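start-v4.csv, holding CSV, C-alpha atoms and all ligand atoms:
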```
chain,number,residue,atom,x,y,z
U,13,MET,CA,201.1,102.1,-39.2
U,14,LYS,CA,198.2,101.2,-41.5
U,15,ASP,CA,197.3,103.8,-44.2
U,16,ILE,CA,193.5,104.4,-44.9
U,17,HIS,CA,192.9,106.0,-48.2
U,18,ILE,CA,190.3,108.7,-47.9
U,19,GLY,CA,188.2,110.6,-50.6
U,20,ILE,CA,186.5,113.9,-49.8
U,21,ILE,CA,183.3,114.9,-51.6
U,22,GLY,CA,182.8,118.7,-51.0
U,23,GLY,CA,186.1,120.6,-50.5
U,24,GLY,CA,184.5,123.7,-49.0
U,25,LEU,CA,184.8,124.9,-45.4
U,26,MET,CA,184.7,121.4,-43.8
U,27,GLY,CA,186.4,119.5,-46.6
U,28,ARG,CA,189.5,121.6,-46.1
U,29,GLU,CA,189.3,121.4,-42.3
U,30,MET,CA,189.4,117.6,-42.5
U,31,ALA,CA,192.2,117.6,-45.1
U,32,SER,CA,194.4,119.8,-42.8
U,33,ALA,CA,193.7,117.4,-39.8
U,34,PHE,CA,195.1,114.5,-41.9
U,35,ALA,CA,198.1,116.7,-43.0
U,36,ARG,CA,199.2,117.0,-39.3
U,37,TRP,CA,198.5,113.4,-38.3
U,38,CYS,CA,202.0,113.2,-37.0
U,39,ALA,CA,200.7,115.1,-33.9
U,40,LEU,CA,199.0,111.8,-32.8
U,41,VAL,CA,201.2,109.4,-30.8
U,42,ASP,CA,201.0,105.6,-30.9
U,43,LEU,CA,198.0,105.4,-33.3
U,44,PRO,CA,198.2,102.4,-35.6
U,45,VAL,CA,196.1,104.0,-38.4
U,46,ARG,CA,196.8,107.0,-40.6
U,47,PRO,CA,194.4,108.7,-43.1
U,48,VAL,CA,195.9,109.5,-46.4
U,49,LEU,CA,193.9,112.0,-48.5
U,50,THR,CA,193.8,110.4,-51.9
U,51,ALA,CA,191.0,112.1,-53.8
U,52,VAL,CA,188.7,115.1,-53.7
U,53,ALA,CA,185.6,115.9,-55.7
U,54,ASP,CA,184.0,119.4,-55.8
U,55,LEU,CA,182.0,121.2,-58.5
U,56,ASN,CA,184.2,124.2,-58.2
U,57,PRO,CA,187.7,123.9,-59.9
U,58,THR,CA,189.1,126.8,-57.8
U,59,THR,CA,188.1,124.9,-54.7
U,60,LEU,CA,189.8,121.8,-56.1
U,61,SER,CA,193.0,123.7,-56.8
U,62,TRP,CA,193.5,124.3,-53.0
U,63,PHE,CA,194.2,120.6,-52.7
U,64,ASP,CA,197.3,120.9,-54.9
U,65,ARG,CA,199.2,121.6,-51.6
U,66,ILE,CA,198.5,118.0,-50.5
U,67,PRO,CA,200.8,115.7,-52.5
U,68,SER,CA,199.0,112.4,-51.7
U,69,CYS,CA,195.7,113.9,-53.2
U,70,ARG,CA,196.3,112.8,-56.7
U,71,GLN,CA,192.7,112.6,-58.0
U,72,LYS,CA,190.9,116.0,-58.2
U,73,THR,CA,187.6,115.8,-60.0
U,74,THR,CA,184.4,117.8,-60.6
U,75,SER,CA,182.5,114.5,-60.7
U,76,TYR,CA,182.1,112.6,-57.4
U,77,HIS,CA,181.1,109.5,-59.4
U,78,GLU,CA,184.7,109.4,-60.7
U,79,LEU,CA,186.0,109.5,-57.1
U,80,LEU,CA,183.6,106.7,-56.1
U,81,ALA,CA,185.0,104.6,-59.0
U,82,ASN,CA,188.5,105.0,-57.7
U,83,PRO,CA,189.4,101.5,-56.2
U,84,GLU,CA,192.1,103.0,-54.0
U,85,VAL,CA,189.5,105.1,-52.0
U,86,GLU,CA,188.3,103.1,-48.9
U,87,VAL,CA,186.5,105.8,-46.8
U,88,VAL,CA,184.6,108.7,-48.2
U,89,TYR,CA,184.0,111.9,-46.1
U,90,VAL,CA,181.1,114.0,-47.5
U,91,ALA,CA,180.5,117.7,-46.7
U,92,VAL,CA,178.0,119.1,-49.2
U,93,PRO,CA,174.8,121.1,-48.8
U,94,HIS,CA,172.0,119.3,-46.9
U,95,ASP,CA,169.7,118.8,-50.0
U,96,LEU,CA,172.5,116.6,-51.5
U,97,HIS,CA,173.1,114.4,-48.5
U,98,GLU,CA,170.7,111.6,-49.3
U,99,LYS,CA,171.8,111.1,-52.9
U,100,VAL,CA,175.5,111.3,-52.3
U,101,TYR,CA,175.5,109.1,-49.1
U,102,LEU,CA,173.5,106.4,-50.9
U,103,ASP,CA,175.9,106.6,-53.9
U,104,VAL,CA,178.9,106.2,-51.5
U,105,LEU,CA,177.4,103.1,-49.9
U,106,ALA,CA,176.4,101.7,-53.3
U,107,ALA,CA,180.0,102.1,-54.5
U,108,GLY,CA,181.0,99.8,-51.6
U,109,LYS,CA,182.8,102.5,-49.5
U,110,ASP,CA,182.7,103.3,-45.8
U,111,LEU,CA,181.3,106.7,-45.0
U,112,PHE,CA,182.0,109.6,-42.7
U,113,ALA,CA,178.9,111.7,-43.2
U,114,GLU,CA,178.4,115.3,-42.2
U,115,LYS,CA,175.5,116.2,-40.1
U,116,PRO,CA,172.5,116.6,-40.2
U,117,PHE,CA,172.7,113.3,-42.1
U,118,GLY,CA,169.9,114.1,-44.6
U,119,ILE,CA,167.8,117.2,-45.1
U,120,ASP,CA,164.9,115.9,-43.0
U,121,LEU,CA,163.6,112.8,-41.1
U,122,GLY,CA,162.5,111.0,-44.2
U,123,ALA,CA,166.0,111.4,-45.8
U,124,ALA,CA,167.8,110.4,-42.6
U,125,THR,CA,165.5,107.3,-42.3
U,126,ARG,CA,166.3,106.2,-45.8
U,127,ILE,CA,170.0,106.7,-45.3
U,128,LEU,CA,169.9,104.7,-42.1
U,129,GLU,CA,168.1,101.8,-43.9
U,130,ALA,CA,170.8,101.9,-46.6
U,131,VAL,CA,173.5,101.9,-44.0
U,132,ARG,CA,172.0,98.8,-42.3
U,133,THR,CA,171.6,97.0,-45.6
U,134,SER,CA,175.1,97.8,-46.8
U,135,GLY,CA,176.9,96.7,-43.7
U,136,HIS,CA,179.4,99.5,-44.2
U,137,PHE,CA,181.0,101.4,-41.4
U,138,VAL,CA,179.2,104.8,-41.1
U,139,ARG,CA,179.4,107.6,-38.6
U,140,CYS,CA,178.2,111.2,-38.5
U,141,SER,CA,180.5,114.1,-37.9
U,142,SER,CA,180.2,115.8,-34.5
U,143,GLU,CA,183.5,116.9,-33.1
U,144,MET,CA,182.7,119.1,-30.0
U,145,PRO,CA,182.3,116.2,-27.5
U,146,PHE,CA,186.0,115.4,-28.2
U,147,PHE,CA,187.1,118.5,-26.1
U,148,PRO,CA,188.6,117.2,-22.9
U,149,GLY,CA,186.0,119.2,-20.8
U,150,ALA,CA,183.2,117.7,-22.8
U,151,GLN,CA,184.6,114.2,-22.2
U,152,ARG,CA,184.8,114.8,-18.5
U,153,ALA,CA,181.2,116.1,-18.4
U,154,PHE,CA,180.1,113.0,-20.2
U,155,GLU,CA,182.0,110.7,-17.8
U,156,ILE,CA,180.6,112.5,-14.8
U,157,ALA,CA,177.0,112.3,-16.1
U,158,ARG,CA,177.4,108.6,-17.2
U,159,ASP,CA,178.9,107.4,-13.9
U,160,GLY,CA,176.4,109.1,-11.6
U,161,GLY,CA,177.6,110.5,-8.2
U,162,ILE,CA,176.0,113.9,-8.7
U,163,GLY,CA,172.7,112.9,-7.1
U,164,ARG,CA,169.4,113.2,-8.9
U,165,ILE,CA,169.9,115.2,-12.1
U,166,LEU,CA,167.7,118.3,-12.1
U,167,GLU,CA,168.6,120.0,-15.3
U,168,VAL,CA,170.8,119.7,-18.4
U,169,VAL,CA,171.5,122.6,-20.8
U,170,SER,CA,173.3,121.7,-24.0
U,171,GLY,CA,173.8,124.2,-26.8
U,172,PHE,CA,175.7,125.8,-29.6
U,173,HIS,CA,175.8,129.6,-30.2
U,174,HIS,CA,177.3,131.8,-32.9
U,175,SER,CA,176.5,135.3,-34.0
U,176,SER,CA,177.8,135.9,-37.5
U,177,ASP,CA,174.2,136.1,-38.8
U,178,LEU,CA,173.8,139.3,-36.7
U,179,ASP,CA,175.6,141.1,-39.5
U,180,PRO,CA,172.9,142.0,-42.1
U,181,ALA,CA,175.7,142.5,-44.7
U,182,LYS,CA,176.8,138.9,-44.5
U,183,PRO,CA,175.9,137.4,-47.9
U,184,ALA,CA,173.2,134.7,-48.1
U,185,ASN,CA,174.4,131.1,-48.8
U,186,TRP,CA,172.8,127.7,-49.0
U,187,LYS,CA,172.6,127.5,-45.2
U,188,ARG,CA,170.0,130.4,-45.1
U,189,LEU,CA,167.6,128.8,-47.6
U,190,SER,CA,165.1,126.1,-46.6
U,191,ALA,CA,165.4,124.4,-50.0
U,192,THR,CA,169.1,123.6,-49.4
U,193,CYS,CA,169.5,123.8,-45.6
U,194,GLY,CA,166.1,122.2,-44.8
U,195,GLN,CA,162.9,123.3,-43.2
U,196,ALA,CA,164.6,122.8,-39.8
U,197,GLY,CA,167.1,125.5,-40.5
U,198,VAL,CA,169.4,126.1,-37.5
U,199,LEU,CA,168.3,122.7,-36.1
U,200,ASN,CA,169.8,121.0,-39.1
U,201,ASP,CA,172.8,123.2,-38.8
U,202,LEU,CA,173.6,123.0,-35.0
U,203,GLY,CA,171.2,120.5,-33.5
U,204,MET,CA,173.3,117.3,-33.8
U,205,HIS,CA,176.1,119.2,-31.9
U,206,ALA,CA,173.7,120.0,-29.0
U,207,LEU,CA,172.2,116.5,-29.0
U,208,HIS,CA,175.3,114.3,-29.3
U,209,LEU,CA,176.1,113.9,-25.6
U,210,PRO,CA,172.4,113.9,-24.3
U,211,LEU,CA,171.6,111.1,-26.9
U,212,ARG,CA,174.7,109.1,-26.0
U,213,LEU,CA,173.7,109.3,-22.4
U,214,GLY,CA,170.2,108.0,-23.3
U,215,TRP,CA,168.5,111.3,-22.6
U,216,THR,CA,166.0,111.4,-25.4
U,217,PRO,CA,163.2,113.9,-24.9
U,218,SER,CA,159.8,112.3,-24.0
U,219,SER,CA,158.1,115.6,-24.7
U,220,LEU,CA,159.2,119.1,-25.8
U,221,PHE,CA,158.2,122.6,-26.4
U,222,ALA,CA,160.1,124.6,-29.0
U,223,GLN,CA,160.5,128.3,-29.8
U,224,LEU,CA,162.0,129.1,-33.3
U,225,GLN,CA,163.0,132.6,-34.5
U,226,LYS,CA,164.1,134.0,-37.9
U,227,GLY,CA,166.5,136.8,-38.4
U,228,TYR,CA,166.8,139.0,-41.5
U,229,ALA,CA,164.4,138.0,-44.3
U,230,GLU,CA,166.8,139.2,-47.0
U,231,ARG,CA,170.6,139.3,-47.4
U,232,PRO,CA,173.0,140.4,-50.2
U,233,ASP,CA,173.2,137.6,-52.7
U,234,GLY,CA,176.9,138.4,-53.5
U,235,ARG,CA,176.0,139.4,-57.1
U,236,GLY,CA,174.7,142.9,-56.4
U,237,GLY,CA,171.1,141.9,-55.5
U,238,MET,CA,169.3,140.6,-52.5
U,239,ALA,CA,168.3,137.0,-51.7
U,240,THR,CA,165.4,135.8,-49.6
U,241,CYS,CA,166.5,134.0,-46.4
U,242,ASP,CA,163.7,131.8,-45.0
U,243,THR,CA,165.4,129.5,-42.5
U,244,TRP,CA,165.0,129.5,-38.7
U,245,ASP,CA,168.1,131.1,-37.1
U,246,ASN,CA,167.5,130.5,-33.4
U,247,ALA,CA,165.9,127.5,-31.8
U,248,LEU,CA,165.1,126.8,-28.1
U,249,ILE,CA,163.9,123.3,-27.1
U,250,HIS,CA,162.5,122.8,-23.6
U,251,ALA,CA,162.1,119.1,-23.0
U,252,TRP,CA,161.4,116.4,-20.4
U,253,SER,CA,163.7,113.4,-20.4
U,254,THR,CA,164.4,110.4,-18.1
U,255,MET,CA,167.9,110.6,-16.6
U,256,HIS,CA,169.0,107.8,-14.3
U,257,GLY,CA,165.4,106.7,-13.9
U,258,LYS,CA,164.0,110.1,-12.9
U,259,GLU,CA,162.3,112.8,-15.0
U,260,ALA,CA,164.6,115.8,-15.5
U,261,VAL,CA,164.7,119.0,-17.6
U,262,LEU,CA,166.7,119.1,-20.9
U,263,ARG,CA,167.1,122.4,-22.6
U,264,LEU,CA,168.7,122.6,-26.0
U,265,GLU,CA,169.8,126.0,-27.4
U,266,MET,CA,170.9,126.4,-31.1
U,267,LYS,CA,171.5,129.9,-32.2
U,268,ARG,CA,173.0,131.7,-35.2
U,269,LEU,CA,172.0,135.0,-33.6
U,270,ALA,CA,173.6,134.9,-30.2
U,271,PRO,CA,175.2,138.3,-29.5
U,272,GLY,CA,178.9,138.0,-29.0
U,273,ALA,CA,179.3,134.3,-29.5
U,274,THR,CA,181.6,133.0,-32.2
U,275,ASN,CA,181.4,129.2,-32.1
U,276,THR,CA,180.5,128.4,-28.6
U,277,TRP,CA,179.4,124.8,-27.7
U,278,PHE,CA,178.5,124.2,-24.1
U,279,ILE,CA,177.0,121.7,-21.7
U,280,GLU,CA,175.8,122.1,-18.1
U,281,ILE,CA,174.6,119.2,-16.0
U,282,LEU,CA,173.2,120.0,-12.6
U,283,GLY,CA,172.4,117.4,-9.9
U,284,THR,CA,171.3,117.6,-6.3
U,285,ASP,CA,174.8,116.6,-5.1
U,286,GLY,CA,177.0,117.9,-7.8
U,287,GLY,CA,177.3,119.3,-11.3
U,288,VAL,CA,179.6,120.1,-14.2
U,289,ARG,CA,179.8,122.9,-16.7
U,290,PHE,CA,182.0,123.2,-19.8
U,291,SER,CA,182.1,125.7,-22.6
U,292,THR,CA,184.4,126.0,-25.6
U,293,ALA,CA,184.6,129.7,-24.7
U,294,GLU,CA,187.0,128.5,-22.0
U,295,PRO,CA,188.5,125.6,-23.8
U,296,LYS,CA,190.7,124.1,-21.1
U,297,THR,CA,188.5,125.0,-18.1
U,298,LEU,CA,186.1,122.7,-16.3
U,299,TRP,CA,183.7,123.8,-13.6
U,300,LEU,CA,182.6,121.3,-11.0
U,301,PHE,CA,179.8,121.8,-8.4
U,302,GLU,CA,180.1,120.2,-5.0
U,303,ARG,CA,177.5,120.3,-2.2
U,304,GLY,CA,178.8,120.0,1.3
U,305,LYS,CA,178.4,122.1,4.4
U,306,GLU,CA,179.0,124.9,1.9
U,307,GLN,CA,178.3,124.8,-1.8
U,308,TRP,CA,181.2,125.2,-4.2
U,309,TRP,CA,181.8,125.8,-7.9
U,310,LYS,CA,185.4,124.6,-8.3
U,311,ARG,CA,187.4,125.6,-11.4
U,312,THR,CA,190.1,123.5,-12.8
U,313,GLU,CA,192.2,123.8,-16.0
U,314,LEU,CA,192.2,120.4,-17.8
U,315,GLY,CA,194.7,121.4,-20.4
U,316,PHE,CA,195.3,119.1,-23.4
U,317,ALA,CA,193.8,115.9,-21.9
U,318,THR,CA,192.4,114.7,-25.2
U,319,PRO,CA,191.1,111.1,-25.6
U,320,PHE,CA,193.9,110.2,-28.1
U,321,LYS,CA,197.4,111.2,-27.0
U,322,THR,CA,199.3,113.8,-29.0
U,323,VAL,CA,202.7,115.4,-29.0
U,324,THR,CA,201.1,118.6,-27.6
U,325,GLY,CA,202.1,119.3,-24.0
U,326,GLY,CA,199.5,118.7,-21.4
U,327,ILE,CA,199.4,122.3,-20.3
U,328,PHE,CA,198.2,123.7,-23.6
U,329,GLU,CA,194.7,124.6,-24.6
U,330,PRO,CA,192.8,122.5,-27.2
U,331,GLY,CA,190.9,124.0,-30.1
U,332,PHE,CA,188.6,123.3,-33.0
U,333,PRO,CA,191.3,121.7,-35.4
U,334,ASP,CA,192.4,119.5,-32.5
U,335,VAL,CA,188.9,118.0,-31.8
U,336,ILE,CA,188.4,117.5,-35.5
U,337,GLN,CA,191.5,115.4,-35.5
U,338,GLN,CA,190.5,113.5,-32.3
U,339,MET,CA,187.1,112.8,-34.0
U,340,TRP,CA,188.9,111.3,-37.0
U,341,ALA,CA,191.1,109.2,-34.7
U,342,SER,CA,188.0,107.9,-33.0
U,343,TYR,CA,186.3,107.1,-36.4
U,344,LEU,CA,189.4,105.3,-37.8
U,345,MET,CA,190.1,103.3,-34.6
U,346,GLU,CA,186.4,102.2,-34.3
U,347,ARG,CA,186.5,101.1,-37.9
U,348,GLU,CA,189.5,99.0,-37.1
U,349,GLY,CA,187.8,97.5,-34.0
U,350,LEU,CA,190.4,99.2,-31.8
U,351,LEU,CA,188.3,101.9,-30.0
U,352,GLY,CA,188.0,100.1,-26.7
U,353,ASP,CA,186.1,102.1,-24.1
U,354,ARG,CA,187.0,105.4,-25.7
U,355,PHE,CA,184.3,107.8,-27.0
U,356,GLY,CA,182.8,107.0,-30.4
U,357,CYS,CA,181.6,109.3,-33.1
U,358,ALA,CA,177.8,110.0,-33.5
U,359,THR,CA,176.1,106.9,-35.0
U,360,PRO,CA,173.6,106.9,-37.9
U,361,GLU,CA,170.9,106.0,-35.3
U,362,GLU,CA,171.7,109.1,-33.2
U,363,ALA,CA,171.6,111.3,-36.3
U,364,CYS,CA,168.2,109.8,-37.2
U,365,GLU,CA,167.0,110.4,-33.7
U,366,SER,CA,168.1,114.0,-33.9
U,367,HIS,CA,165.8,114.5,-36.9
U,368,ARG,CA,162.9,113.0,-35.0
U,369,ILE,CA,163.5,115.7,-32.3
U,370,PHE,CA,163.8,118.4,-35.0
U,371,GLU,CA,160.5,117.3,-36.6
U,372,ALA,CA,158.8,117.4,-33.2
U,373,ALA,CA,160.3,120.9,-32.6
U,374,LEU,CA,158.9,122.2,-35.9
U,375,GLN,CA,155.5,120.8,-35.0
U,376,SER,CA,155.6,122.3,-31.5
U,377,HIS,CA,156.5,125.7,-32.7
U,378,ALA,CA,153.9,125.6,-35.5
U,379,GLU,CA,151.1,124.6,-33.1
U,380,ARG,CA,152.4,126.5,-30.1
U,381,ARG,CA,152.1,123.5,-27.9
U,382,SER,CA,154.1,120.8,-26.2
U,383,VAL,CA,154.6,117.7,-28.4
U,384,HIS,CA,154.9,114.1,-27.1
U,385,LEU,CA,157.6,111.9,-28.7
U,386,ALA,CA,156.8,108.2,-29.1
U,387,THR,CA,159.5,105.9,-27.8
U,388,SER,CA,161.7,105.1,-30.8
U,401,LIG,N1,181.0,119.4,-38.1
U,401,LIG,C1,180.9,120.8,-38.2
U,401,LIG,O1,181.4,121.4,-37.2
U,401,LIG,C2,180.4,121.4,-39.4
U,401,LIG,C3,180.7,122.8,-39.6
U,401,LIG,C4,180.2,123.4,-40.8
U,401,LIG,C5,179.5,122.7,-41.7
U,401,LIG,N2,179.2,121.3,-41.4
U,401,LIG,C6,178.4,120.5,-42.4
U,401,LIG,O2,179.3,120.2,-43.5
U,401,LIG,C7,178.5,120.1,-44.7
U,401,LIG,C8,179.1,121.1,-45.7
U,401,LIG,O3,179.2,122.4,-45.0
U,401,LIG,P1,180.3,123.5,-45.4
U,401,LIG,O4,180.2,124.5,-44.4
U,401,LIG,O5,181.6,122.7,-45.6
U,401,LIG,O6,179.7,124.0,-46.8
U,401,LIG,P2,180.5,124.7,-48.0
U,401,LIG,O7,179.5,125.5,-48.7
U,401,LIG,O8,181.7,125.5,-47.5
U,401,LIG,O9,181.1,123.5,-48.9
U,401,LIG,C9,180.3,122.7,-49.6
U,401,LIG,C10,181.1,122.3,-50.8
U,401,LIG,O10,180.3,121.3,-51.5
U,401,LIG,C11,180.6,121.5,-52.9
U,401,LIG,N3,179.5,120.8,-53.7
U,401,LIG,C12,178.2,121.1,-53.9
U,401,LIG,N4,177.6,120.2,-54.7
U,401,LIG,C13,178.6,119.3,-54.9
U,401,LIG,C14,178.6,118.1,-55.7
U,401,LIG,N5,177.5,117.6,-56.4
U,401,LIG,N6,179.7,117.4,-55.8
U,401,LIG,C15,180.8,117.8,-55.2
U,401,LIG,N7,180.9,118.9,-54.5
U,401,LIG,C16,179.8,119.6,-54.3
U,401,LIG,C17,180.6,123.0,-53.1
U,401,LIG,O11,181.2,123.4,-54.3
U,401,LIG,C18,181.3,123.4,-51.8
U,401,LIG,O12,182.7,123.5,-52.0
U,401,LIG,C19,177.1,120.4,-44.3
U,401,LIG,O13,176.4,119.2,-44.1
U,401,LIG,C20,177.2,121.2,-43.0
U,401,LIG,O14,176.1,121.0,-42.1
U,401,LIG,C21,179.7,120.7,-40.3
```

Could you quickly redo this structure as C-alpha cells?
Ligand SMILES: NC(=O)c1ccc[n+]([C@@H]2O[C@H](COP(=O)([O-])OP(=O)(O)OC[C@H]3O[C@@H](n4cnc5c(N)ncnc54)[C@H](O)[C@@H]3O)[C@@H](O)[C@H]2O)c1
Amino acid sequence: MKDIHIGIIGGGLMGREMASAFARWCALVDLPVRPVLTAVADLNPTTLSWFDRIPSCRQKTTSYHELLANPEVEVVYVAVPHDLHEKVYLDVLAAGKDLFAEKPFGIDLGAATRILEAVRTSGHFVRCSSEMPFFPGAQRAFEIARDGGIGRILEVVSGFHHSSDLDPAKPANWKRLSATCGQAGVLNDLGMHALHLPLRLGWTPSSLFAQLQKGYAERPDGRGGMATCDTWDNALIHAWSTMHGKEAVLRLEMKRLAPGATNTWFIEILGTDGGVRFSTAEPKTLWLFERGKEQWWKRTELGFATPFKTVTGGIFEPGFPDVIQQMWASYLMEREGLLGDRFGCATPEEACESHRIFEAALQSHAERRSVHLATS
C-alpha cells in the first residue's frame, strides 16, 4: 500500500467531504494506493478546527502558500470559490504539486484556457472533480452508449437538478453572485456534471440554443440585511451533436430551481433499437429500453457494482459519499498509471470544453438565437 500525501485548500462543504472519503479508505479492497490527508488551508480558523478529528492532518493553516511549501504534500485538492480557481491552481502547479481541481476549473473560458496552458507546461497530473459518473448506473449508461448496439441515437438528455434555491429565506452565498460564481452562474455550478459523460463520449455540441432563468433577485445576507443575487439559476441547452456518425439531439438541464429535486443527476440515452435511463433519485436502479415485437422498458437493480471493489455488499445502494471515494480511487490509480480500462476523472481539456459550451450558451441566451460552435 503506497501512501499519497494530500493537502486540501478550502475546507468547506467539499473539502470536508473529501477528507471523510479518505478517512474511510479501508472500505476499498485491493487498492495499492491510499490518500493520507496531511495538510489543510482555509481562511476560517473555525473551519480548520473541524480537521482536528483527522490525526494525520498535522498542518492546519490560514495561508495556502504555507501548505504549498510543505514538502510532504504531493497532491493538492482545491475547493474554493470560482473567482479564486485560476490563482490557486496556478500556484499549486508552480509549487510542483499534482492537482485535483474542483469544477468549473476557472471562473470563465479565459481562466480555464490559462489553467489548461499551465497544466500542459507543468507536466503535472491534473484532473477535474466530477463524481456522478462513478455511480454504477451511470457507468452502465456510459458503456452502453460507447459500445453501440442501441441503433441510431435519437436523443440524449443529461442533467443535474436541485431545488434548495426555491426557499427565498436561504441566505445568499458566493454561489449566487456573478463576481464570485461567474457570469455563467448555474452553468459553472452544475454544467460540468451534465457534460462529463457526453464529452467523454465525444458528443460535443456543434450548435446550441440556450434558455437561462434567474430566481430571487435578493436574499438574506445572513447579517440582518439583504444581498443582491444576480446569477442564472436555471439553464436549458438544446444542442445538435454527432453521435456514432449521425446528428442527434443533446439536451442539457442544469437547475437550482427544480421543484422537489434535492441533488438529482440523471442521463437518458435513446436509440432506435434500445435505450438506457439512470437517475440518482433511484441510485441502484437502471432502466433499459428494448425494441422487439413489443417495446419494453426493463428495470433492474444494479446494487453496489462500483468500478472499484469495496467491502460493501453487492445488494446495497450507493450514495454520494461512495462515488466521491470512487472518483478519488480513479484519480490516484490513473496518477500511478494503474487505471487500465476503468473510467477516468474529467480531464482539464474536458473542463475547458465545458466552458466553451457555457460561453456559447450565454451568447445564445443574450441574442435569443442558435449559436454555432467551431470545432475545437
Ligand atoms: N463536485 C461537487 O459535487 C461539488 C459540490 C459543491 C461544490 N463544488 C465545487 O467546490 C468548490 C468549493 O465549493 P464549496 O461548496 O466547498 O464551497 P464552500 O463555500 O463550502 O467552501 C469554500 C471554502 O474555501 C475557503 N476559502 C476561501 N478563500 C480561501 C483562500 N484564499 N484560501 C483558503 N481557503 C479559502 C472558505 O473559507 C471556505 O471554507 C467550488 O469550485 C464548487 O463549484 C463541487

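For the pair CA of His367 in chain U and CA of Lys226 in chain U, the interatomic distance is 19.6 Å.
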
Do you know which residues are within 9 Å of ligand LIG 401 (chain U) using all atoms listed in the file? Can you write them as a compact mmCIF listing (two decimals) with C-alpha atoms, keeping the file's coordinate frame?
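The resulting file, out24.txt, is reproduced below:
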```
# COMPACT_ATOMS: atom_id res chain seq x y z
CA ILE U 20 186.50 113.90 -49.80
CA ILE U 21 183.30 114.90 -51.60
CA GLY U 22 182.80 118.70 -51.00
CA GLY U 23 186.10 120.60 -50.50
CA GLY U 24 184.50 123.70 -49.00
CA LEU U 25 184.80 124.90 -45.40
CA MET U 26 184.70 121.40 -43.80
CA GLY U 27 186.40 119.50 -46.60
CA ARG U 28 189.50 121.60 -46.10
CA GLU U 29 189.30 121.40 -42.30
CA VAL U 52 188.70 115.10 -53.70
CA ALA U 53 185.60 115.90 -55.70
CA ASP U 54 184.00 119.40 -55.80
CA LEU U 55 182.00 121.20 -58.50
CA ASN U 56 184.20 124.20 -58.20
CA PRO U 57 187.70 123.90 -59.90
CA THR U 59 188.10 124.90 -54.70
CA LEU U 60 189.80 121.80 -56.10
CA THR U 73 187.60 115.80 -60.00
CA THR U 74 184.40 117.80 -60.60
CA SER U 75 182.50 114.50 -60.70
CA TYR U 76 182.10 112.60 -57.40
CA HIS U 77 181.10 109.50 -59.40
CA VAL U 90 181.10 114.00 -47.50
CA ALA U 91 180.50 117.70 -46.70
CA VAL U 92 178.00 119.10 -49.20
CA PRO U 93 174.80 121.10 -48.80
CA HIS U 94 172.00 119.30 -46.90
CA ASP U 95 169.70 118.80 -50.00
CA LEU U 96 172.50 116.60 -51.50
CA HIS U 97 173.10 114.40 -48.50
CA VAL U 100 175.50 111.30 -52.30
CA ALA U 113 178.90 111.70 -43.20
CA GLU U 114 178.40 115.30 -42.20
CA LYS U 115 175.50 116.20 -40.10
CA PRO U 116 172.50 116.60 -40.20
CA PHE U 117 172.70 113.30 -42.10
CA GLY U 118 169.90 114.10 -44.60
CA ILE U 119 167.80 117.20 -45.10
CA CYS U 140 178.20 111.20 -38.50
CA SER U 141 180.50 114.10 -37.90
CA SER U 142 180.20 115.80 -34.50
CA GLU U 143 183.50 116.90 -33.10
CA MET U 144 182.70 119.10 -30.00
CA ASN U 185 174.40 131.10 -48.80
CA TRP U 186 172.80 127.70 -49.00
CA LYS U 187 172.60 127.50 -45.20
CA CYS U 193 169.50 123.80 -45.60
CA ASN U 200 169.80 121.00 -39.10
CA ASP U 201 172.80 123.20 -38.80
CA LEU U 202 173.60 123.00 -35.00
CA HIS U 205 176.10 119.20 -31.90
CA PHE U 332 188.60 123.30 -33.00
CA ILE U 336 188.40 117.50 -35.50
```

At most 12 Å is the cut-off: for each residue in range 245-286 of chain U with any atom that close to an atom of range 377-388 of chain U, write down the nearest atom pair and the distance in Å rounded to one decimal, counting all atoms listed in the file, chain first then increasing number, as a tab-separated table.
```
residue	atom	partner	partner_atom	distance
U:Ala247	CA	U:His377	CA	9.6
U:Leu248	CA	U:His377	CA	9.8
U:Ile249	CA	U:His377	CA	9.6
U:His250	CA	U:Ser382	CA	9.0
U:Ala251	CA	U:Ser382	CA	8.8
U:Trp252	CA	U:His384	CA	9.6
U:Ser253	CA	U:Leu385	CA	10.4
U:Thr254	CA	U:Thr387	CA	11.8
```

A straight line from CA of Gly160 in chain U to CA of Gly326 in chain U spans 26.9 Å

Please determine, counting only C-alpha atoms, which residue among U:Cys364, U:Ala107, U:Ile327, U:Cys69 has the shortest atom-to-atom distance to Glu129 in chain U.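 Smallest distance to Glu129 in chain U is found for U:Cys364.
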
Shell around range 38-45 of chain U at 9 Å using only C-alpha atoms, local window under 5 positions removed, as JSON, numbers by chain: {"U": [13, 14, 15, 16, 320, 321, 322, 323, 324, 337, 338, 341, 344, 345, 348]}

CA of Gln307 in chain U to CA of Ala260 in chain U: how many Å, to one decimal? 21.4 Å

Fewer than 4 positions away in the same chain doesn't count, so skip those; otherwise give me all residues within 10 Å of His256 in chain U, counting all atoms listed in the file, as a list in words.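 Once the adjacent positions are removed, what remains is Ala157, Arg158, Asp159, Gly160, Gly163, Arg164, Ile165, Leu213, Gly214, Trp215 and Ala260 of chain U.
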
Closest of U:Pro330, U:Gly135, U:Pro232, U:Pro145 to Pro183 in chain U - atom-to-atom distances counting all atoms listed in the file: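 Counting all atoms listed in the file, the residue closest to Pro183 in chain U is U:Pro232.
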
From the list U:Thr292, U:Ser342, U:Thr133, U:Thr216, which residue is nearest Pro148 in chain U when using all atoms listed in the file?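 Closest to Pro148 in chain U, using all atoms listed in the file: U:Thr292.
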
Do you know which residues are at most 9 Å from range 355-362 of chain U counting all atoms listed in the file, after dropping those on the same chain fewer than 4 positions away, and could you put them as a ChimeraX atom specification? /U:113,117,124-125,127-128,131,138-143,145-146,151,204,207-209,211-212,319,339-340,342-343,346,351,366-367

Which residues are close to Thr297 in chain U, i.e. within 7 Å by all atoms listed in the file, leaving aside same-chain residues fewer than 3 positions away? Reply as JSON, numbers by chain. {"U": [149, 290, 294, 311, 312, 313, 314]}

Of U:Phe112, U:Pro333, U:Gln71, U:Ala130, the one sitting nearest Glu98 in chain U when using only C-alpha atoms is U:Ala130

Which residues, protein or nucleic acid, reach to within 8 Å of (177.9, 119.1, -19.7) in the file's coordinates when using all atoms listed in the file, and can you give that as JSON, numbers by chain? {"U": [150, 153, 154, 157, 168, 169, 170, 278, 279, 280, 281, 288, 289, 290]}
